[in-house]
Amino acid sequence: MENEKFGYIAIALIVLFGVVGVLMLEPIAQDPEYHLFTDQRTVFNIPNFWNVISSLPFLVVGVLGLYSILRSHRACLIAEMKAAYILFFLGVSLVAFGSGYYHLRPDNASLVWDRIPMSVAFMALFSIIIAEFVSLRWGSLLLWPLVLFGVFSVIYWYGTESGCEGDLRFYSLVQFLPVLVMPLMLLFFKPGFTGTSGYWYLLGAYVVGKVFEYFDGFTQDMLFFLSGHSMKHLVVAIGVALLLKAYNNRRLMQHGRLE
């Protein structure tokens with residue numbers, strides 16, 4: 001109980017300071033240089049080929065996840081949160097199309113279709129971890145508000161960019177605040193299932209992917225055939241695959257609390 005008490009306090013403080021801190025910032029516009037990826041090679045008449053094609057693993061692992069939930073029923077899940085698991089893997093699947101479309105012609109308009117499915121998947125995952133580790137009731141209640149806020153954050157950003165101002169503050173909350181909060185839930189609350197390592201693998205893959213993205217050009221210099229951004233796609237898709245494997249192999253904990 002002491003661990004959980006500390007967890008609640010730490011989460012409350014991070015959320016409070018994160019939200020207040022972000023809102024106190026001046027509006028953050030999208031850096032135009034974000035669209036200037038290192039690897040711009042055209043292969044088979046497809047521009048930015050490797051960044052486009054490296055998005056396909058998201059479709060593979062997303063469809064496998066949906067199959068595991070809807071057809072084979074192999075995944076061990078919370079029945080009351082089935083919509084969240086479906087939204088997560090559906091969002092991952094759609095990232096393949098959104099990311100592929102964006103990299104064909106990188107600009108703010110196409111970036112919308114990359115960020116919306118990512119936000120849906122991210123917020124669905126956030127609600128799943130809340131339900132499995134903290135409170136099933138709160139995870140269920142927060143699912144749709146979180147998903148809608150994720151979609152809103154992207155639409156709001158694009159609307160402000162179209163108005164020549166640009167404001168990424170809400171989207172930054174969607175992308176980074178859960179990354180800070182979810183590890184605390186994994187550390188300080190009792191899991192409802194075995195196989196929690198799948199969440200750590202995915203979070204670790206996300207962080208490693210961000211590092212690859214930051215060193216986009218350096219990675220291509222080292223690997224030649226793949227840039228840092230392409231590696232980010234592959235690493236994060238592998239992280240989702242490891243989480244799916246954990247879902248398929250885990251079981252309900254006898255002392256776990258799902259209430």
# chains A, B, ... in the order shown; residues from 1 in each chain; ligands from 1
$ closest_atom_pairs --of "region 27-102 of chain A" --to "region 178-194 of chain A" --cutoff "12 Å" --atoms "only C-alpha atoms" --output "Markdown table"
| residue | atom | partner | partner_atom | distance |
| --- | --- | --- | --- | --- |
| A:Ala75 | CA | A:Phe193 | CA | 11.6 |
| A:Cys76 | CA | A:Phe193 | CA | 8.4 |
| A:Leu77 | CA | A:Phe193 | CA | 8.7 |
| A:Ile78 | CA | A:Gly192 | CA | 9.1 |
$ write_last_selection --atoms "N, CA, C and O atoms" --output "tab-separated table (two decimals), in the first residue's frame"
chain	number	residue	atom	x	y	z
A	75	ALA	N	-5.29	-13.70	-27.00
A	75	ALA	CA	-4.82	-12.65	-26.10
A	75	ALA	C	-5.60	-12.68	-24.79
A	75	ALA	O	-6.83	-12.79	-24.78
A	76	CYS	N	-4.87	-12.59	-23.69
A	76	CYS	CA	-5.48	-12.57	-22.36
A	76	CYS	C	-5.70	-11.11	-21.98
A	76	CYS	O	-4.74	-10.39	-21.69
A	77	LEU	N	-6.95	-10.69	-21.97
A	77	LEU	CA	-7.29	-9.27	-21.82
A	77	LEU	C	-8.38	-9.08	-20.78
A	77	LEU	O	-9.03	-10.04	-20.35
A	78	ILE	N	-8.61	-7.83	-20.41
A	78	ILE	CA	-9.76	-7.48	-19.57
A	78	ILE	C	-10.96	-7.32	-20.49
A	78	ILE	O	-10.96	-6.47	-21.38
$ residues_around --residues "Val120 (chain A)" --least-positions-apart "5" --cutoff "8 Å" --atoms "only C-alpha atoms" --output "PyMOL selection string"
chain A and resi 87-88+91+147-148+150-151
$ select_by_dssp --residues "region 186-259 of chain A" --states "helix (DSSP H, G or I)" --output "number ranges by chain"
A: 186-188, 197-214, 216-223, 228-249
$ closest_residue --among "A:Leu56, A:Ala10, A:Leu111, A:Leu94" --to "His35 (chain A)" --atoms "only C-alpha atoms"
A:Leu111
$ residues_around --residues "Met81 (chain A)" --least-positions-apart "2" --cutoff "12 Å" --atoms "only C-alpha atoms" --output "count of residues only"
32
$ residues_around --residues "Ser110 (chain A)" --least-positions-apart "6" --cutoff "12 Å" --atoms "only C-alpha atoms" --output "tab-separated table (two decimals) with C-alpha atoms, in the first residue's frame"
chain	number	residue	atom	x	y	z
A	35	HIS	CA	9.93	17.45	-42.60
A	97	PHE	CA	-1.06	4.13	-43.84
A	98	GLY	CA	-0.75	7.50	-42.10
A	99	SER	CA	3.03	7.33	-41.83
A	100	GLY	CA	3.41	5.97	-45.36
A	101	TYR	CA	1.23	8.75	-46.76
A	102	TYR	CA	3.11	11.38	-44.78
A	103	HIS	CA	6.52	10.24	-45.95
A	104	LEU	CA	5.44	10.24	-49.59
A	116	ILE	CA	-4.01	10.92	-35.50
A	154	VAL	CA	-3.73	16.93	-33.57
A	158	TYR	CA	-3.16	21.73	-37.53
$ residues_around --residues "region 36-44 of chain A" --least-positions-apart "4" --cutoff "10 Å" --atoms "only C-alpha atoms" --output "MDAnalysis selection string"
chainID A and resid 31:32 48:51 103:104 106:107 213 215:221 224:230
$ closest_residue --among "A:Pro57, A:Gly166, A:Gly195, A:Pro47" --to "Glu26 (chain A)" --atoms "only C-alpha atoms"
A:Gly166
$ atom_distance --atom1 "CA of Met231 (chain A)" --atom2 "CA of Trp113 (chain A)"
20.2 Å
$ closest_residue --among "A:Ser54, A:Thr160, A:Asn45, A:Asn3" --to "Leu234 (chain A)" --atoms "only C-alpha atoms"
A:Ser54
$ residues_around --residues "region 201-206 of chain A" --least-positions-apart "3" --cutoff "8 Å" --atoms "only C-alpha atoms" --output "list in words"
Val179, Ser197, Gly198, Gly209, Lys210, Lys232, Val235, Val236, Ile238, Gly239, Val240, Leu242 and Leu243 of chain A
$ atom_distance --atom1 "CA of Glu4 (chain A)" --atom2 "CA of Lys82 (chain A)"
25.5 Å
$ closest_residue --among "A:Pro145, A:Gly62, A:Pro27, A:Gly7" --to "Ala121 (chain A)" --atoms "only C-alpha atoms"
A:Gly62
$ closest_residue --among "A:Val22, A:Ile11, A:Ile46, A:Ala246" --to "Thr196 (chain A)" --atoms "only C-alpha atoms"
A:Ala246
$ atom_distance --atom1 "CA of Met24 (chain A)" --atom2 "CA of Arg169 (chain A)"
9.6 Å
